[in-house]
file input.txt (compact mmCIF, C-alpha atoms)
# COMPACT_ATOMS: atom_id res chain seq x y z
CA MET A 371 13.25 59.20 -61.74
CA SER A 372 10.22 61.04 -60.49
CA ILE A 373 9.08 61.62 -64.08
CA LEU A 374 9.26 57.88 -64.68
CA ALA A 375 7.36 57.21 -61.49
CA GLY A 376 4.76 59.82 -62.34
CA LEU A 377 4.16 58.36 -65.79
CA GLY A 378 3.94 54.90 -64.29
CA VAL A 379 1.34 55.89 -61.74
CA TYR A 380 -0.57 57.88 -64.36
CA PHE A 381 -0.89 54.95 -66.70
CA LEU A 382 -1.62 52.51 -63.90
CA LEU A 383 -4.54 54.49 -62.54
CA PRO A 384 -7.83 53.07 -63.77
CA GLN A 385 -9.12 55.26 -66.58
CA GLY A 386 -11.72 53.21 -68.37
CA ARG A 387 -10.84 52.67 -72.01
CA LEU A 388 -7.80 54.92 -71.88
CA SER A 389 -6.15 52.67 -69.32
CA ARG A 390 -2.80 51.23 -70.28
CA PRO A 391 -1.78 49.00 -67.39
CA ARG A 392 1.14 47.42 -69.26
CA VAL A 393 2.75 50.74 -70.10
CA GLY A 394 2.19 51.83 -66.54
CA PHE A 395 3.73 48.66 -65.20
CA LEU A 396 6.83 49.18 -67.35
CA PHE A 397 7.23 52.77 -66.19
CA ALA A 398 6.64 51.88 -62.55
CA ALA A 399 9.13 49.02 -62.71
CA ALA A 400 11.67 51.36 -64.31
CA ALA A 401 11.07 53.91 -61.57
CA LEU A 402 11.51 51.25 -58.91
CA LEU A 403 14.77 50.10 -60.52
CA ALA A 404 15.92 53.71 -60.64
CA TRP A 405 15.10 54.11 -56.95
CA MET A 406 17.06 50.95 -56.14
CA ALA A 407 19.98 52.07 -58.29
CA VAL A 408 20.13 55.56 -56.83
CA ALA A 409 19.82 54.32 -53.29
CA GLY A 410 22.11 51.39 -54.06
CA LEU A 411 24.89 53.66 -55.32
CA ARG A 412 25.29 54.76 -51.74
CA LEU A 413 25.79 51.20 -50.66
CA SER A 414 29.55 51.22 -51.16
CA SER A 415 30.14 51.02 -47.43
CA ALA A 416 28.09 47.82 -47.56
CA GLU A 417 26.39 48.14 -44.23
CA PRO A 418 23.87 45.37 -43.87
CA SER A 419 21.22 47.76 -42.60
CA LYS A 420 21.41 49.68 -45.88
CA VAL A 421 20.71 46.55 -47.87
CA TYR A 422 17.66 45.98 -45.72
CA PHE A 423 16.64 49.60 -46.22
CA LEU A 424 16.83 49.07 -49.98
CA ILE A 425 14.76 45.91 -49.86
CA PHE A 426 12.04 47.17 -47.54
CA SER A 427 11.75 50.62 -49.11
CA SER A 428 11.27 49.00 -52.52
CA ILE A 429 8.60 46.70 -51.10
CA ALA A 430 6.84 49.65 -49.46
CA LEU A 431 6.88 51.72 -52.65
CA ALA A 432 5.72 48.91 -54.92
CA ALA A 433 2.90 47.95 -52.55
CA GLY A 434 1.99 51.62 -52.16
CA VAL A 435 1.58 51.99 -55.91
CA CYS A 436 -0.57 48.86 -55.89
CA VAL A 437 -2.78 50.31 -53.12
CA ILE A 438 -3.76 53.37 -55.11
CA THR A 439 -4.00 51.69 -58.49
CA HIS A 440 -5.73 48.39 -57.81
CA ARG A 441 -9.29 48.19 -59.03
CA LYS A 442 -10.65 46.13 -56.17
CA PRO A 443 -10.67 47.73 -52.70
CA VAL A 444 -10.07 44.38 -50.99
CA TYR A 445 -6.74 44.02 -52.76
CA SER A 446 -5.95 47.65 -52.00
CA ALA A 447 -6.44 46.94 -48.31
CA LEU A 448 -4.29 43.81 -48.48
CA TYR A 449 -1.50 45.66 -50.29
CA PHE A 450 -1.74 48.31 -47.59
CA VAL A 451 -0.97 45.60 -45.03
CA VAL A 452 2.21 44.93 -47.02
CA VAL A 453 3.07 48.64 -46.85
CA VAL A 454 2.55 48.60 -43.08
CA LEU A 455 4.76 45.56 -42.63
CA ALA A 456 7.55 47.09 -44.73
CA VAL A 457 7.31 50.37 -42.82
CA ALA A 458 7.45 48.46 -39.54
CA ALA A 459 10.64 46.74 -40.73
CA LEU A 460 12.11 50.15 -41.59
CA LEU A 461 11.24 51.37 -38.10
CA VAL A 462 13.04 48.38 -36.60
CA LEU A 463 16.07 49.36 -38.69
CA GLN A 464 15.87 52.80 -37.07
CA HIS A 465 15.78 51.31 -33.54
CA ALA A 466 12.13 52.19 -33.00
CA GLU A 467 11.13 48.66 -32.02
CA PHE A 468 8.18 49.58 -29.83
CA LEU A 469 6.61 51.77 -32.47
CA ALA A 470 7.17 49.09 -35.11
CA ILE A 471 5.33 46.46 -33.11
CA ALA A 472 2.59 48.93 -32.22
CA LEU A 473 2.25 49.76 -35.91
CA ILE A 474 1.83 46.10 -36.84
CA ILE A 475 -0.66 45.40 -34.06
CA ILE A 476 -2.77 48.52 -34.51
CA TYR A 477 -2.62 48.96 -38.27
CA ALA A 478 -2.28 45.47 -39.68
CA GLY A 479 -4.34 44.03 -36.86
CA ALA A 480 -7.08 46.39 -35.82
CA ILE A 481 -7.53 49.06 -38.47
CA MET A 482 -7.21 46.80 -41.48
CA VAL A 483 -9.67 44.29 -40.05
CA THR A 484 -12.17 47.13 -39.67
CA TYR A 485 -11.53 48.20 -43.25
CA LEU A 486 -12.00 44.67 -44.54
CA PHE A 487 -15.26 44.34 -42.62
CA VAL A 488 -16.60 47.56 -44.12
CA ILE A 489 -15.45 46.53 -47.60
CA MET A 490 -17.26 43.23 -47.28
CA LEU A 491 -20.36 44.97 -45.89
CA ALA A 492 -20.50 47.55 -48.60
CA GLN A 493 -19.08 45.92 -51.69
CA GLN A 494 -21.23 45.25 -54.68
CA SER A 495 -20.52 42.30 -56.88
CA GLY A 496 -18.16 42.96 -59.74
CA VAL A 497 -16.08 46.06 -60.26
CA PRO A 498 -18.37 49.11 -60.31
CA LEU A 499 -17.80 51.99 -62.68
CA TYR A 500 -16.35 54.32 -60.09
CA ASP A 501 -13.53 51.87 -59.45
CA ARG A 502 -12.73 51.61 -63.12
CA ARG A 503 -12.44 55.31 -63.82
CA ALA A 504 -10.16 57.64 -61.92
CA ARG A 505 -11.03 61.26 -61.34
CA GLU A 506 -8.58 63.73 -62.91
CA PRO A 507 -5.62 61.33 -62.76
CA PHE A 508 -3.27 63.64 -64.63
CA PHE A 509 -3.65 66.58 -62.26
CA ALA A 510 -3.53 64.34 -59.22
CA VAL A 511 -0.26 62.79 -60.35
CA LEU A 512 1.13 66.20 -61.29
CA LEU A 513 0.23 67.65 -57.90
CA GLY A 514 1.55 64.66 -56.00
CA PHE A 515 4.90 64.64 -57.70
CA VAL A 516 5.32 68.40 -57.63
CA PHE A 517 4.72 68.15 -53.91
CA MET A 518 7.25 65.35 -53.66
CA ALA A 519 9.80 67.31 -55.67
CA THR A 520 9.39 70.24 -53.28
CA VAL A 521 10.08 68.05 -50.27
CA VAL A 522 12.96 66.28 -51.97
CA VAL A 523 14.64 69.50 -53.06
CA ARG A 524 14.50 70.64 -49.47
CA THR A 525 15.86 67.33 -48.28
CA GLY A 526 18.31 66.24 -50.89
CA ASP A 527 18.80 65.91 -54.59
CA ASP A 528 16.30 63.72 -56.41
CA SER A 529 18.91 61.95 -58.50
CA GLY A 530 21.44 61.51 -55.74
CA ILE A 531 19.89 60.82 -52.40
CA ASN A 532 22.91 61.98 -50.47
CA ALA A 533 24.09 64.80 -52.74
CA SER A 534 23.44 68.48 -52.07
CA VAL A 535 21.42 68.00 -48.97
CA GLY A 536 19.68 71.12 -47.78
CA PRO A 537 22.00 72.96 -45.41
CA LYS A 538 20.05 72.63 -42.22
CA ILE A 539 19.23 68.99 -42.62
CA ALA A 540 22.75 68.33 -43.87
CA SER A 541 24.25 69.62 -40.66
CA LEU A 542 21.76 67.53 -38.73
CA VAL A 543 22.63 64.45 -40.72
CA GLN A 544 26.37 64.95 -40.41
CA HIS A 545 26.30 65.87 -36.75
CA PRO A 546 23.27 64.31 -35.15
CA VAL A 547 22.23 66.33 -32.18
CA GLU A 548 23.23 64.75 -28.94
CA SER A 549 20.27 64.27 -26.70
CA THR A 550 19.36 67.45 -24.88
CA THR A 551 18.59 65.44 -21.83
CA PRO A 552 21.58 63.22 -21.23
CA SER A 553 19.54 60.75 -19.23
CA THR A 554 17.54 59.85 -22.35
CA HIS A 555 20.57 58.53 -24.16
CA ALA A 556 21.68 56.51 -21.19
CA ALA A 557 18.19 55.16 -20.72
CA ILE A 558 17.97 54.03 -24.34
CA ALA A 559 21.36 52.36 -24.12
CA HIS A 560 20.62 50.72 -20.80
CA ASP A 561 16.97 49.75 -20.83
CA GLY A 562 16.15 49.67 -24.51
CA ASN A 563 13.71 51.53 -26.66
CA THR A 564 10.49 50.50 -24.97
CA ALA A 565 11.55 51.60 -21.51
CA ALA A 566 12.80 54.92 -22.84
CA MET A 567 9.52 55.52 -24.63
CA GLY A 568 7.57 54.61 -21.56
CA ALA A 569 9.59 57.07 -19.50
CA VAL A 570 8.95 59.87 -21.98
CA LEU A 571 5.26 59.06 -22.33
CA ALA A 572 4.65 58.88 -18.61
CA THR A 573 6.46 62.09 -17.74
CA LYS A 574 6.83 64.62 -20.53
CA TYR A 575 3.78 63.73 -22.58
CA VAL A 576 1.45 62.41 -19.92
CA VAL A 577 -1.19 65.06 -20.64
CA VAL A 578 -1.05 64.31 -24.36
CA LEU A 579 -1.42 60.64 -23.56
CA GLU A 580 -4.55 61.31 -21.54
CA ILE A 581 -5.96 63.49 -24.29
CA GLY A 582 -5.31 60.66 -26.72
CA ALA A 583 -7.21 58.26 -24.51
CA LEU A 584 -10.10 60.72 -24.31
CA LEU A 585 -10.05 61.10 -28.07
CA LEU A 586 -10.29 57.34 -28.51
CA LEU A 587 -13.26 57.23 -26.15
CA ILE A 588 -15.00 60.05 -28.02
CA SER A 589 -14.40 58.35 -31.33
CA MET A 590 -15.76 55.06 -30.00
CA VAL A 591 -18.94 56.74 -28.76
CA GLY A 592 -19.24 58.61 -32.05
CA ALA A 593 -18.77 55.51 -34.17
CA ILE A 594 -21.37 53.57 -32.20
CA ALA A 595 -23.84 56.47 -32.34
CA LEU A 596 -23.29 56.86 -36.07
CA SER A 597 -23.70 53.29 -37.13
CA ARG A 598 -26.43 51.96 -34.86
CA LYS A 599 -29.77 50.94 -36.23
CA ARG A 600 -32.71 53.01 -35.15
CA LEU A 601 -35.10 50.69 -33.38
CA PRO A 602 -38.78 51.50 -32.87
CA ARG A 603 -39.56 52.67 -29.38
CA GLU A 604 -41.48 50.54 -26.99
CA GLY A 605 -45.23 51.11 -27.08
CA HIS A 606 -45.17 52.00 -30.75
CA ALA A 607 -46.41 49.57 -33.30
CA VAL A 608 -44.09 46.70 -33.91
CA SER A 609 -42.61 46.59 -37.39
CA SER A 610 -45.15 45.44 -39.93
CA ALA A 611 -42.64 43.36 -41.83
CA PRO A 612 -43.53 39.68 -42.13
CA LEU A 613 -41.76 37.22 -39.92
CA GLY A 614 -38.27 36.49 -41.17
CA GLN A 615 -37.97 39.89 -42.80
CA VAL A 616 -37.74 41.92 -39.60
CA GLY A 617 -34.49 43.85 -39.46
CA LYS A 618 -33.47 42.93 -42.99
CA THR A 619 -34.17 46.40 -44.31
CA VAL A 620 -33.24 49.55 -42.49
CA GLU A 621 -34.96 52.83 -43.12
CA PRO A 622 -32.60 55.74 -43.60
CA PHE A 623 -32.56 58.26 -40.81
CA MET L 720 23.32 57.51 -39.96
CA ALA L 721 24.16 58.14 -43.59
CA ALA L 722 20.94 56.64 -44.90
CA ALA L 723 18.76 59.27 -43.24
CA PRO L 724 17.99 61.25 -46.45
CA GLY L 725 16.82 58.00 -47.98
CA TYR L 726 14.32 57.55 -45.19
CA ILE L 727 13.09 61.13 -45.54
CA VAL L 728 12.70 60.79 -49.32
CA LEU L 729 10.87 57.50 -48.80
CA GLY L 730 8.50 59.20 -46.38
CA ALA L 731 7.84 61.94 -48.92
CA LEU L 732 7.25 59.33 -51.63
CA LEU L 733 4.71 57.42 -49.54
CA PHE L 734 2.99 60.68 -48.63
CA SER L 735 2.73 61.83 -52.24
CA LEU L 736 1.46 58.41 -53.33
CA GLY L 737 -1.24 58.87 -50.71
CA VAL L 738 -2.02 62.35 -52.04
CA ILE L 739 -2.37 60.98 -55.57
CA GLY L 740 -4.67 58.22 -54.41
CA PHE L 741 -6.72 60.64 -52.34
CA LEU L 742 -7.22 63.00 -55.25
CA SER L 743 -7.79 60.57 -58.05
CA ARG L 744 -9.72 57.59 -56.73
CA ARG L 745 -13.51 57.69 -56.48
CA ASN L 746 -14.11 54.82 -54.09
CA LEU L 747 -14.52 56.24 -50.59
CA ILE L 748 -12.77 53.28 -48.97
CA VAL L 749 -9.70 53.67 -51.18
CA ILE L 750 -9.67 57.40 -50.43
CA PHE L 751 -9.43 56.66 -46.72
CA LEU L 752 -6.78 54.00 -47.36
CA SER L 753 -4.78 56.72 -49.11
CA THR L 754 -4.93 58.93 -46.03
CA GLU L 755 -3.65 56.00 -43.99
CA MET L 756 -0.73 55.72 -46.40
CA MET L 757 0.02 59.41 -45.88
CA PHE L 758 0.16 58.64 -42.16
CA GLN L 759 2.76 55.96 -42.89
CA GLY L 760 4.98 58.47 -44.68
CA VAL L 761 4.68 60.89 -41.78
CA VAL L 762 5.53 58.18 -39.25
CA ILE L 763 8.71 57.32 -41.18
CA ASN L 764 9.68 60.99 -41.25
CA VAL L 765 9.02 61.54 -37.56
CA VAL L 766 10.99 58.47 -36.51
CA THR L 767 13.92 59.42 -38.76
CA TYR L 768 14.18 62.86 -37.22
CA SER L 769 13.78 61.33 -33.78
CA ARG L 770 16.83 59.17 -34.46
CA LEU L 771 18.80 62.12 -35.82
CA HIS L 772 18.11 64.07 -32.65
CA GLY L 773 19.00 61.13 -30.46
CA GLN L 774 15.72 61.29 -28.60
CA VAL L 775 12.59 59.21 -28.36
CA ASP L 776 10.24 62.20 -28.47
CA GLY L 777 9.65 61.69 -32.16
CA GLN L 778 8.66 58.10 -31.56
CA ALA L 779 6.19 59.31 -28.96
CA PHE L 780 4.73 61.59 -31.63
CA GLY L 781 4.55 58.54 -33.89
CA LEU L 782 2.49 56.77 -31.25
CA PHE L 783 0.11 59.73 -31.04
CA LEU L 784 -0.14 59.67 -34.83
CA LEU L 785 -1.20 56.06 -34.53
CA VAL L 786 -3.91 57.08 -32.05
CA ILE L 787 -5.17 59.75 -34.43
CA ALA L 788 -5.15 57.27 -37.30
CA ALA L 789 -7.21 54.81 -35.29
CA VAL L 790 -9.71 57.52 -34.32
CA GLU L 791 -9.96 58.69 -37.90
CA ALA L 792 -10.43 55.19 -39.25
CA GLY L 793 -13.14 54.37 -36.73
CA LEU L 794 -15.17 57.49 -37.37
CA ALA L 795 -14.62 57.48 -41.13
CA LEU L 796 -15.71 53.89 -41.46
CA GLY L 797 -18.80 54.54 -39.37
CA LEU L 798 -19.67 57.41 -41.70
CA LEU L 799 -18.97 55.20 -44.72
CA VAL L 800 -21.42 52.56 -43.52
CA LEU L 801 -24.00 55.29 -43.00
CA LEU L 802 -23.47 56.77 -46.46
CA HIS L 803 -23.60 53.35 -48.06
CA ARG L 804 -26.91 52.62 -46.34
CA ARG L 805 -28.36 55.84 -47.73
CA ARG L 806 -27.33 55.64 -51.36
CA GLY L 807 -26.14 52.10 -51.83
CA THR L 808 -22.90 53.21 -53.43
CA LEU L 809 -19.39 54.07 -52.36
CA ASP L 810 -18.83 56.55 -55.16
CA ALA L 811 -17.56 59.89 -53.92
CA GLU L 812 -19.26 61.51 -56.91
CA ALA L 813 -22.66 60.46 -55.59
CA TRP L 814 -22.41 63.11 -52.89
CA THR L 815 -22.01 66.26 -54.91
CA THR L 816 -25.29 67.98 -54.06
CA MET L 817 -23.48 70.62 -52.06
CA ARG L 818 -21.43 71.56 -55.09
CA GLY L 819 -24.31 73.70 -56.30
call {"tool": "encode", "arguments": {"input": "input.txt", "output": "structure tokens"}}
result
Amino acid sequence: MSILAGLGVYFLLPQGRLSRPRVGFLFAAAALLAWMAVAGLRLSSAEPSKVYFLIFSSIALAAGVCVITHRKPVYSALYFVVVVLAVAALLVLQHAEFLAIALIIIYAGAIMVTYLFVIMLAQQSGVPLYDRRAREPFFAVLLGFVFMATVVVRTGDDSGINASVGPKIASLVQHPVESTTPSTHAAIAHDGNTAAMGAVLATKYVVVLEIGALLLLISMVGAIALSRKRLPREGHAVSSAPLGQVGKTVEPF
Amino acid sequence: MAAAPGYIVLGALLFSLGVIGFLSRRNLIVIFLSTEMMFQGVVINVVTYSRLHGQVDGQAFGLFLLVIAAVEAGLALGLLVLLHRRRGTLDAEAWTTMRG
């Protein structure tokens, strides 16, 4: 399955004249079907949440392949929104409702809007050469899927998701650890996920939370300092550009 | 609980797709999008293990990951705008003077 997926991604990556998007599409579709079949074989117990897992994981994978293979960055960003939405649905399936909503608001709302703004600021017309030609696609795909195979062998068999799970994770999967702090479990059951997360964030990780806030402040200051225009100081000669052209061109600094 | 390996494999798949995109694309914006996709894979992994342990600590880590992703996106995009002003291109290959 991973060989199929690797071939699909390899052929889908833009490579100038060597590009074979149709072949790549066939391979990628075959890999997606294989993923659905392998994951679907475990569906015999027919839990509804597993059906949803199948649907949303397939959406996330297909959109993820589109993100890294599409030739236009705008479409890449939009496909990434699809990935975020599918991942958020998977988080809801895992009872992480607060994180799912935060993911949608922060990623699909804030971060992607910033990306789209920068794309529209910086995009030339047409598809430039560097979007049509990938850099070392073969080695990138090889490295990526060797990495994935390493993780998967540690986690479970590639061909059978549930078969021959690595011993440590297997014991964890079969006997999920009961919460070390019994109050956490009760809190989740009683107040729901958001209240439990709030309790953890405000007690155990309160320092980390503050550091995160500080980090956001630093990044905001840094981003503003990086991207401001350098204006001439007062007292110096005003820009010699003719009226209507002032501020249209920015000297590099 | 039985679907947990599926979630972990899915996280690894998203992460490796991000690695492939990061290594092979030349547009700086798509490179940073690929890192964001790696973050998605990590978030799935963290939340899965959080559920397996029956705690919400992992979800708290997921939230901090989100913070880091926002910081990274803000700074990286500021740098991108700066680089684009200098050279007028988003090609990563345009900035190879330090290669020697």
call {"tool": "residues_around", "arguments": {"input": "input.txt", "residues": "Phe758 in chain L", "least_positions_apart": "2", "cutoff": "12 Å", "atoms": "all atoms listed in the file", "output": "MDAnalysis selection string"}}
result
(chainID A and resid 450 453:454 457 473 477) or (chainID L and resid 730:738 751:756 760:765 780:789 791:792)
call {"tool": "residues_around", "arguments": {"input": "input.txt", "residues": "Val749 in chain L", "least_positions_apart": "4", "cutoff": "12 Å", "atoms": "all atoms listed in the file", "output": "PyMOL selection string"}}
result
(chain A and resi 434+436-450+485-486+488-489+500-501+504) or (chain L and resi 737-745+753-756+795-796+799+809-811)
call {"tool": "atom_distance", "arguments": {"input": "input.txt", "atom1": "CA of Gly562 in chain A", "atom2": "CA of Leu460 in chain A"}}
result
17.6 Å
call {"tool": "closest_residue", "arguments": {"input": "input.txt", "among": "A:Ala399, A:Ala492, A:Ala458, A:Leu431", "to": "Asn746 in chain L", "atoms": "all atoms listed in the file"}}
result
A:Ala492
call {"tool": "closest_residue", "arguments": {"input": "input.txt", "among": "L:Val775, L:Leu747, L:Gly725, L:Ser769", "to": "Leu571 in chain A", "atoms": "all atoms listed in the file"}}
result
L:Val775
call {"tool": "atom_distance", "arguments": {"input": "input.txt", "atom1": "CA of Leu469 in chain A", "atom2": "CA of Gly777 in chain L"}}
result
10.4 Å
call {"tool": "atom_distance", "arguments": {"input": "input.txt", "atom1": "CA of Ser427 in chain A", "atom2": "CA of Phe509 in chain A"}}
result
25.8 Å
call {"tool": "residues_around", "arguments": {"input": "input.txt", "residues": "Gln464 in chain A", "least_positions_apart": "6", "cutoff": "8 Å", "atoms": "only C-alpha atoms", "output": "PyMOL selection string"}}
result
chain L and resi 766-767+770
call {"tool": "residues_around", "arguments": {"input": "input.txt", "residues": "Gly568 in chain A", "least_positions_apart": "5", "cutoff": "10 Å", "atoms": "all atoms listed in the file", "output": "tab-separated table (two decimals) with C-alpha atoms, keeping the file's coordinate frame"}}
result
chain	number	residue	atom	x	y	z
A	468	PHE	CA	8.18	49.58	-29.83
A	563	ASN	CA	13.71	51.53	-26.66
A	573	THR	CA	6.46	62.09	-17.74
A	575	TYR	CA	3.78	63.73	-22.58
L	775	VAL	CA	12.59	59.21	-28.36
L	779	ALA	CA	6.19	59.31	-28.96
call {"tool": "closest_residue", "arguments": {"input": "input.txt", "among": "L:Ala813, L:Leu771, L:Met757, L:Ile750", "to": "chain A", "atoms": "all atoms listed in the file"}}
result
L:Leu771
call {"tool": "closest_residue", "arguments": {"input": "input.txt", "among": "A:Met490, A:Ala565, A:Ala400, A:Leu586", "to": "chain L", "atoms": "all atoms listed in the file"}}
result
A:Leu586
call {"tool": "residues_around", "arguments": {"input": "input.txt", "residues": "range 588-590 of chain A", "least_positions_apart": "6", "cutoff": "7 Å", "atoms": "all atoms listed in the file", "output": "ChimeraX atom specification"}}
result
/L:790,793-794
